[in-house]
Amino acid sequence: MYYSQAMDGIRKIIHVDMDAFYASVEQRDYPQYQGKPIAVGSSPTQRGVVCAASYEARVFGIHSAMPSKLAIQRCPHLIFVKPRFEVYRTVSEQIRAIFERYTDLIEPVALDEAYLDVTESKSNLPYASAIAREIRASIQQETGLTASAGVSFNKFLAKMATGMNKPNGSTVILPDQAEALIEQLAIEKFHGIGKVSATRMRELGICTGADLKQRSETELVQQFGKMGHHYFKIARGQDDRIVEANRVRKSLGAETSFAQDLTDRAVMLHELATIAQDVCHRLEQHQAKGRTLTLKVKFGNYQQITRSRTLLNPICELGIVTSLAQELFEAVDLEGRSVRLLGISLSNLGTSHLGSETRAALVQLALF
């Protein structure tokens, strides 16, 4: 009954995530890569990172944003493939067109991921689970690729559901299932709780959703800042965020939390160079440039600072992004302090270097 009608304000949210998207496109287009561990990204001979890894590569612990040199150490027979972002964008447009058969409320997260609100669907299918199943079948038939989907009554739970049956699977979390599922979930499995925060929670005796639910909102805010409000809600399966159709991205960035705090400035500068690579890959994916670069530094005592610089002309070049971020970092006072997180982001984004037709298409696609 729950998914047959939009009753009592209950929403029907679907989260769709393509399976190893970039790597799967390469394996589809080049049969010699099928069944083999491949990494889309920079060669290990360069100081680059992995953009995406096939499932065969993930068996070796290889994942996106991992330095290419480390990836080849873990899997000596790993095949590196240069990214083809134009191809990925074209496939992404095909997938977007499939979504639009069912709803106009589509919120893209990246080229390979989106939320759909099908509470009032264009189709005559009464169940959100049936819509998700049909979408996945259409994606496979029309693109030759597989997708996973999560279905629930809010975005947080839909995202969590997607990860429960990957690859090429689908999971539904009903309202009467949510509480029990969340309580038994290990804290590391929560979407939105990173490795560093999870470690901190375990130090505080928070190991499962049930443990998290026992903590007051005040205590969580004291321990984790404003994210404490979010943690308090998701421990109860609450998420009031709407699916924002045609969401315009205001910034693009990347950050890394370190398992052990950094104390060596040279190591920190090297990590910034790696993060800059990830940022530039994302800028290239979205055909975007930014005028304001922001450096984020979180110290070992959880104090956080940001430093920004706005330029006259938008940038996306790796060399400029790296040098500007490192220059901002050099001015940071590290006396007696360790660093637990570094991040770089570009804002004041634009696509002024593109033609008017392409710019219009990008706005219409909402960066999907």
# chains A, B, ... in the order shown; residues from 1 in each chain; ligands from 1
$ select_by_dssp --residues "segment 82-200 of chain A" --states "strand (DSSP E)" --output "list of chain:residue names"
A:Ile106, A:Glu107, A:Pro108, A:Val109, A:Ala110, A:Glu113, A:Ala114, A:Tyr115, A:Leu116, A:Asp117, A:Ala147, A:Ser148, A:Ala149, A:Gly150, A:Val151, A:Ser152, A:Ser170, A:Thr171, A:Val172
$ select_by_dssp --residues "segment 176-245 of chain A" --states "alpha helix (DSSP H)" --output "PyMOL selection string"
chain A and resi 176-184+195-203+209-214+217-224+227-234
$ closest_atom_pairs --of "segment 232-298 of chain A" --to "segment 28-41 of chain A" --cutoff "12 Å" --atoms "only C-alpha atoms" --output "Markdown table"
| residue | atom | partner | partner_atom | distance |
| --- | --- | --- | --- | --- |
| A:Gln277 | CA | A:Gly41 | CA | 10.1 |
| A:Asp278 | CA | A:Gly41 | CA | 9.9 |
| A:Cys280 | CA | A:Gly41 | CA | 11.9 |
| A:His281 | CA | A:Gly41 | CA | 8.9 |
| A:Arg282 | CA | A:Gly41 | CA | 11.9 |
$ write_last_selection --atoms "all heavy atoms" --output "short mmCIF file (atom, residue, chain, number, x, y, z; two decimals), in the first residue's frame"
data_model
loop_
_atom_site.label_atom_id
_atom_site.label_comp_id
_atom_site.auth_asym_id
_atom_site.auth_seq_id
_atom_site.Cartn_x
_atom_site.Cartn_y
_atom_site.Cartn_z
N GLN A 277 44.59 17.30 -8.41
CA GLN A 277 44.32 16.43 -9.56
C GLN A 277 42.85 16.02 -9.59
O GLN A 277 42.20 16.06 -10.64
CB GLN A 277 45.19 15.18 -9.47
CG GLN A 277 46.68 15.43 -9.68
CD GLN A 277 47.20 14.72 -10.93
OE1 GLN A 277 46.45 14.03 -11.60
NE2 GLN A 277 48.46 14.91 -11.23
N ASP A 278 42.34 15.63 -8.44
CA ASP A 278 40.95 15.19 -8.34
C ASP A 278 40.00 16.34 -8.69
O ASP A 278 39.02 16.16 -9.41
CB ASP A 278 40.67 14.67 -6.94
CG ASP A 278 39.44 13.78 -6.86
OD1 ASP A 278 38.96 13.38 -7.94
OD2 ASP A 278 38.97 13.49 -5.76
N CYS A 280 40.60 18.94 -10.59
CA CYS A 280 40.68 19.25 -12.03
C CYS A 280 39.97 18.20 -12.87
O CYS A 280 39.39 18.52 -13.92
CB CYS A 280 42.14 19.41 -12.45
SG CYS A 280 42.89 20.92 -11.80
N HIS A 281 40.01 16.94 -12.44
CA HIS A 281 39.24 15.91 -13.13
C HIS A 281 37.75 16.25 -13.08
O HIS A 281 37.04 16.12 -14.08
CB HIS A 281 39.47 14.54 -12.49
CG HIS A 281 40.73 13.86 -12.92
ND1 HIS A 281 41.07 13.70 -14.25
CD2 HIS A 281 41.74 13.30 -12.20
CE1 HIS A 281 42.23 13.07 -14.33
NE2 HIS A 281 42.66 12.82 -13.10
N ARG A 282 37.28 16.72 -11.94
CA ARG A 282 35.86 17.04 -11.79
C ARG A 282 35.48 18.27 -12.62
O ARG A 282 34.40 18.34 -13.20
CB ARG A 282 35.52 17.25 -10.32
CG ARG A 282 35.69 15.98 -9.51
CD ARG A 282 35.35 16.15 -8.04
NE ARG A 282 35.64 14.92 -7.30
CZ ARG A 282 35.38 14.73 -6.04
NH1 ARG A 282 34.81 15.70 -5.34
NH2 ARG A 282 35.68 13.60 -5.45
#
$ atom_distance --atom1 "atom CA of Leu181 of chain A" --atom2 "atom CA of His230 of chain A"
17.9 Å
$ residues_around --residues "Ala276 of chain A" --least-positions-apart "4" --cutoff "9 Å" --atoms "only C-alpha atoms" --output "list in words"
Gly253, Ala254, Glu271, Leu272, Cys280, His281, Leu318, Gly319, Val321, Thr322, Ala325, Gly343, Ile344 and Ser345 of chain A
$ write_last_selection --atoms "N, CA and C atoms" --output "short mmCIF file (atom, residue, chain, number, x, y, z; two decimals), in the first residue's frame"
data_model
loop_
_atom_site.label_atom_id
_atom_site.label_comp_id
_atom_site.auth_asym_id
_atom_site.auth_seq_id
_atom_site.Cartn_x
_atom_site.Cartn_y
_atom_site.Cartn_z
N GLY A 253 34.82 20.53 -5.82
CA GLY A 253 36.02 20.39 -5.00
C GLY A 253 36.25 18.97 -4.58
N ALA A 254 37.29 18.80 -3.80
CA ALA A 254 37.64 17.48 -3.25
C ALA A 254 38.39 17.71 -1.95
N GLU A 271 50.12 16.01 -0.70
CA GLU A 271 48.71 15.63 -0.64
C GLU A 271 47.84 16.67 -1.35
N LEU A 272 48.19 17.94 -1.20
CA LEU A 272 47.44 18.99 -1.89
C LEU A 272 47.54 18.83 -3.41
N CYS A 280 40.60 18.94 -10.59
CA CYS A 280 40.68 19.25 -12.03
C CYS A 280 39.97 18.20 -12.87
N HIS A 281 40.01 16.94 -12.44
CA HIS A 281 39.24 15.91 -13.13
C HIS A 281 37.75 16.25 -13.08
N LEU A 318 45.53 22.26 -14.12
CA LEU A 318 46.10 21.60 -12.96
C LEU A 318 47.25 22.38 -12.34
N GLY A 319 48.16 22.86 -13.16
CA GLY A 319 49.32 23.58 -12.65
C GLY A 319 48.94 24.81 -11.85
N VAL A 321 45.90 25.46 -10.43
CA VAL A 321 45.15 25.07 -9.23
C VAL A 321 46.11 24.58 -8.15
N THR A 322 47.07 23.75 -8.54
CA THR A 322 48.03 23.20 -7.56
C THR A 322 48.87 24.31 -6.94
N ALA A 325 46.82 26.64 -4.62
CA ALA A 325 46.46 25.98 -3.36
C ALA A 325 47.67 25.87 -2.45
N GLY A 343 41.49 20.23 1.85
CA GLY A 343 40.53 20.27 0.76
C GLY A 343 40.75 21.47 -0.14
N ILE A 344 40.35 21.33 -1.38
CA ILE A 344 40.42 22.41 -2.36
C ILE A 344 39.09 22.46 -3.09
N SER A 345 38.56 23.66 -3.30
CA SER A 345 37.34 23.80 -4.09
C SER A 345 37.43 25.03 -4.98
#
$ residues_around --residues "segment 204-214 of chain A" --least-positions-apart "5" --cutoff "8 Å" --atoms "only C-alpha atoms" --output "list in words"
Ile182, Glu183, Gln184, Leu185, Ala186, Ile187, Tyr231, Phe232, Ala235 and Arg236 of chain A
$ write_last_selection --atoms "N, CA, C and O atoms" --output "compact mmCIF listing (two decimals), in the first residue's frame"
# COMPACT_ATOMS: atom_id res chain seq x y z
N ILE A 182 18.37 0.73 10.55
CA ILE A 182 19.33 1.74 10.97
C ILE A 182 20.00 1.34 12.29
O ILE A 182 21.21 1.51 12.46
N GLU A 183 19.24 0.81 13.20
CA GLU A 183 19.78 0.48 14.52
C GLU A 183 20.86 -0.60 14.44
O GLU A 183 21.84 -0.56 15.19
N GLN A 184 20.72 -1.56 13.54
CA GLN A 184 21.69 -2.65 13.48
C GLN A 184 22.87 -2.33 12.56
O GLN A 184 23.85 -3.08 12.50
N LEU A 185 22.83 -1.19 11.87
CA LEU A 185 23.86 -0.84 10.90
C LEU A 185 25.14 -0.37 11.58
O LEU A 185 25.10 0.43 12.51
N ALA A 186 26.28 -0.89 11.12
CA ALA A 186 27.58 -0.41 11.63
C ALA A 186 27.75 1.05 11.25
O ALA A 186 27.32 1.48 10.17
N ILE A 187 28.37 1.82 12.10
CA ILE A 187 28.45 3.26 11.91
C ILE A 187 29.20 3.63 10.62
O ILE A 187 28.92 4.64 9.98
N TYR A 231 23.67 14.05 12.02
CA TYR A 231 23.82 12.70 12.58
C TYR A 231 22.62 12.35 13.48
O TYR A 231 22.16 11.20 13.48
N PHE A 232 22.13 13.33 14.22
CA PHE A 232 20.98 13.10 15.09
C PHE A 232 19.76 12.68 14.26
O PHE A 232 19.02 11.76 14.63
N ALA A 235 20.13 9.09 12.41
CA ALA A 235 20.00 7.97 13.35
C ALA A 235 18.54 7.58 13.52
O ALA A 235 18.24 6.46 13.96
N ARG A 236 17.64 8.47 13.16
CA ARG A 236 16.20 8.23 13.26
C ARG A 236 15.55 8.09 11.89
O ARG A 236 14.32 8.10 11.77
$ decode --residues "segment 181-204 of chain A" --atoms "N, CA, C and O atoms" --output "mmCIF file, in the first residue's frame"
data_model
loop_
_atom_site.group_PDB
_atom_site.id
_atom_site.type_symbol
_atom_site.label_atom_id
_atom_site.label_comp_id
_atom_site.auth_asym_id
_atom_site.auth_seq_id
_atom_site.Cartn_x
_atom_site.Cartn_y
_atom_site.Cartn_z
ATOM 1 N N LEU A 181 16.502 -1.385 10.627
ATOM 2 C CA LEU A 181 17.673 -1.438 9.747
ATOM 3 C C LEU A 181 18.754 -0.483 10.226
ATOM 4 O O LEU A 181 19.937 -0.851 10.300
ATOM 5 N N ILE A 182 18.368 0.730 10.549
ATOM 6 C CA ILE A 182 19.335 1.738 10.971
ATOM 7 C C ILE A 182 19.996 1.340 12.288
ATOM 8 O O ILE A 182 21.206 1.506 12.462
ATOM 9 N N GLU A 183 19.238 0.809 13.197
ATOM 10 C CA GLU A 183 19.778 0.476 14.517
ATOM 11 C C GLU A 183 20.862 -0.604 14.445
ATOM 12 O O GLU A 183 21.839 -0.561 15.190
ATOM 13 N N GLN A 184 20.717 -1.559 13.540
ATOM 14 C CA GLN A 184 21.694 -2.647 13.479
ATOM 15 C C GLN A 184 22.874 -2.335 12.563
ATOM 16 O O GLN A 184 23.849 -3.079 12.502
ATOM 17 N N LEU A 185 22.829 -1.193 11.872
ATOM 18 C CA LEU A 185 23.860 -0.845 10.903
ATOM 19 C C LEU A 185 25.144 -0.373 11.581
ATOM 20 O O LEU A 185 25.101 0.431 12.514
ATOM 21 N N ALA A 186 26.282 -0.892 11.122
ATOM 22 C CA ALA A 186 27.578 -0.414 11.628
ATOM 23 C C ALA A 186 27.751 1.049 11.246
ATOM 24 O O ALA A 186 27.322 1.478 10.165
ATOM 25 N N ILE A 187 28.366 1.818 12.097
ATOM 26 C CA ILE A 187 28.454 3.265 11.911
ATOM 27 C C ILE A 187 29.197 3.626 10.620
ATOM 28 O O ILE A 187 28.916 4.644 9.976
ATOM 29 N N GLU A 188 30.146 2.759 10.205
ATOM 30 C CA GLU A 188 30.909 3.022 8.975
ATOM 31 C C GLU A 188 30.034 2.905 7.731
ATOM 32 O O GLU A 188 30.422 3.386 6.657
ATOM 33 N N LYS A 189 28.879 2.258 7.849
ATOM 34 C CA LYS A 189 28.007 2.036 6.700
ATOM 35 C C LYS A 189 27.048 3.194 6.443
ATOM 36 O O LYS A 189 26.348 3.214 5.427
ATOM 37 N N PHE A 190 27.027 4.175 7.352
ATOM 38 C CA PHE A 190 26.114 5.304 7.187
ATOM 39 C C PHE A 190 26.619 6.243 6.095
ATOM 40 O O PHE A 190 27.763 6.702 6.143
ATOM 41 N N HIS A 191 25.762 6.542 5.133
ATOM 42 C CA HIS A 191 26.116 7.546 4.143
ATOM 43 C C HIS A 191 26.214 8.908 4.840
ATOM 44 O O HIS A 191 25.322 9.299 5.588
ATOM 45 N N GLY A 192 27.316 9.612 4.618
ATOM 46 C CA GLY A 192 27.507 10.916 5.232
ATOM 47 C C GLY A 192 28.404 10.889 6.450
ATOM 48 O O GLY A 192 28.760 11.941 6.978
ATOM 49 N N ILE A 193 28.771 9.690 6.905
ATOM 50 C CA ILE A 193 29.723 9.579 8.014
ATOM 51 C C ILE A 193 31.034 9.043 7.447
ATOM 52 O O ILE A 193 31.118 7.884 7.045
ATOM 53 N N GLY A 194 32.036 9.900 7.371
ATOM 54 C CA GLY A 194 33.313 9.535 6.772
ATOM 55 C C GLY A 194 34.183 8.706 7.707
ATOM 56 O O GLY A 194 33.836 8.454 8.870
ATOM 57 N N LYS A 195 35.325 8.314 7.184
ATOM 58 C CA LYS A 195 36.227 7.429 7.925
ATOM 59 C C LYS A 195 36.705 8.070 9.223
ATOM 60 O O LYS A 195 36.739 7.428 10.284
ATOM 61 N N VAL A 196 37.071 9.339 9.157
ATOM 62 C CA VAL A 196 37.584 10.016 10.352
ATOM 63 C C VAL A 196 36.488 10.159 11.408
ATOM 64 O O VAL A 196 36.713 9.897 12.598
ATOM 65 N N SER A 197 35.283 10.564 10.984
ATOM 66 C CA SER A 197 34.178 10.709 11.934
ATOM 67 C C SER A 197 33.779 9.370 12.537
ATOM 68 O O SER A 197 33.464 9.281 13.725
ATOM 69 N N ALA A 198 33.822 8.320 11.706
ATOM 70 C CA ALA A 198 33.478 6.986 12.207
ATOM 71 C C ALA A 198 34.477 6.533 13.266
ATOM 72 O O ALA A 198 34.101 5.942 14.285
ATOM 73 N N THR A 199 35.760 6.820 13.027
ATOM 74 C CA THR A 199 36.787 6.465 14.016
ATOM 75 C C THR A 199 36.549 7.204 15.320
ATOM 76 O O THR A 199 36.639 6.628 16.411
ATOM 77 N N ARG A 200 36.231 8.500 15.208
ATOM 78 C CA ARG A 200 35.942 9.305 16.390
ATOM 79 C C ARG A 200 34.726 8.753 17.137
ATOM 80 O O ARG A 200 34.714 8.694 18.380
ATOM 81 N N MET A 201 33.708 8.337 16.407
ATOM 82 C CA MET A 201 32.508 7.793 17.038
ATOM 83 C C MET A 201 32.818 6.510 17.799
ATOM 84 O O MET A 201 32.344 6.313 18.919
ATOM 85 N N ARG A 202 33.610 5.652 17.205
ATOM 86 C CA ARG A 202 33.968 4.409 17.891
ATOM 87 C C ARG A 202 34.750 4.700 19.169
ATOM 88 O O ARG A 202 34.602 3.988 20.164
ATOM 89 N N GLU A 203 35.573 5.740 19.140
ATOM 90 C CA GLU A 203 36.293 6.138 20.350
ATOM 91 C C GLU A 203 35.316 6.561 21.445
ATOM 92 O O GLU A 203 35.601 6.423 22.635
ATOM 93 N N LEU A 204 34.158 7.083 21.028
ATOM 94 C CA LEU A 204 33.131 7.522 21.972
ATOM 95 C C LEU A 204 32.140 6.403 22.314
ATOM 96 O O LEU A 204 31.161 6.633 23.020
#
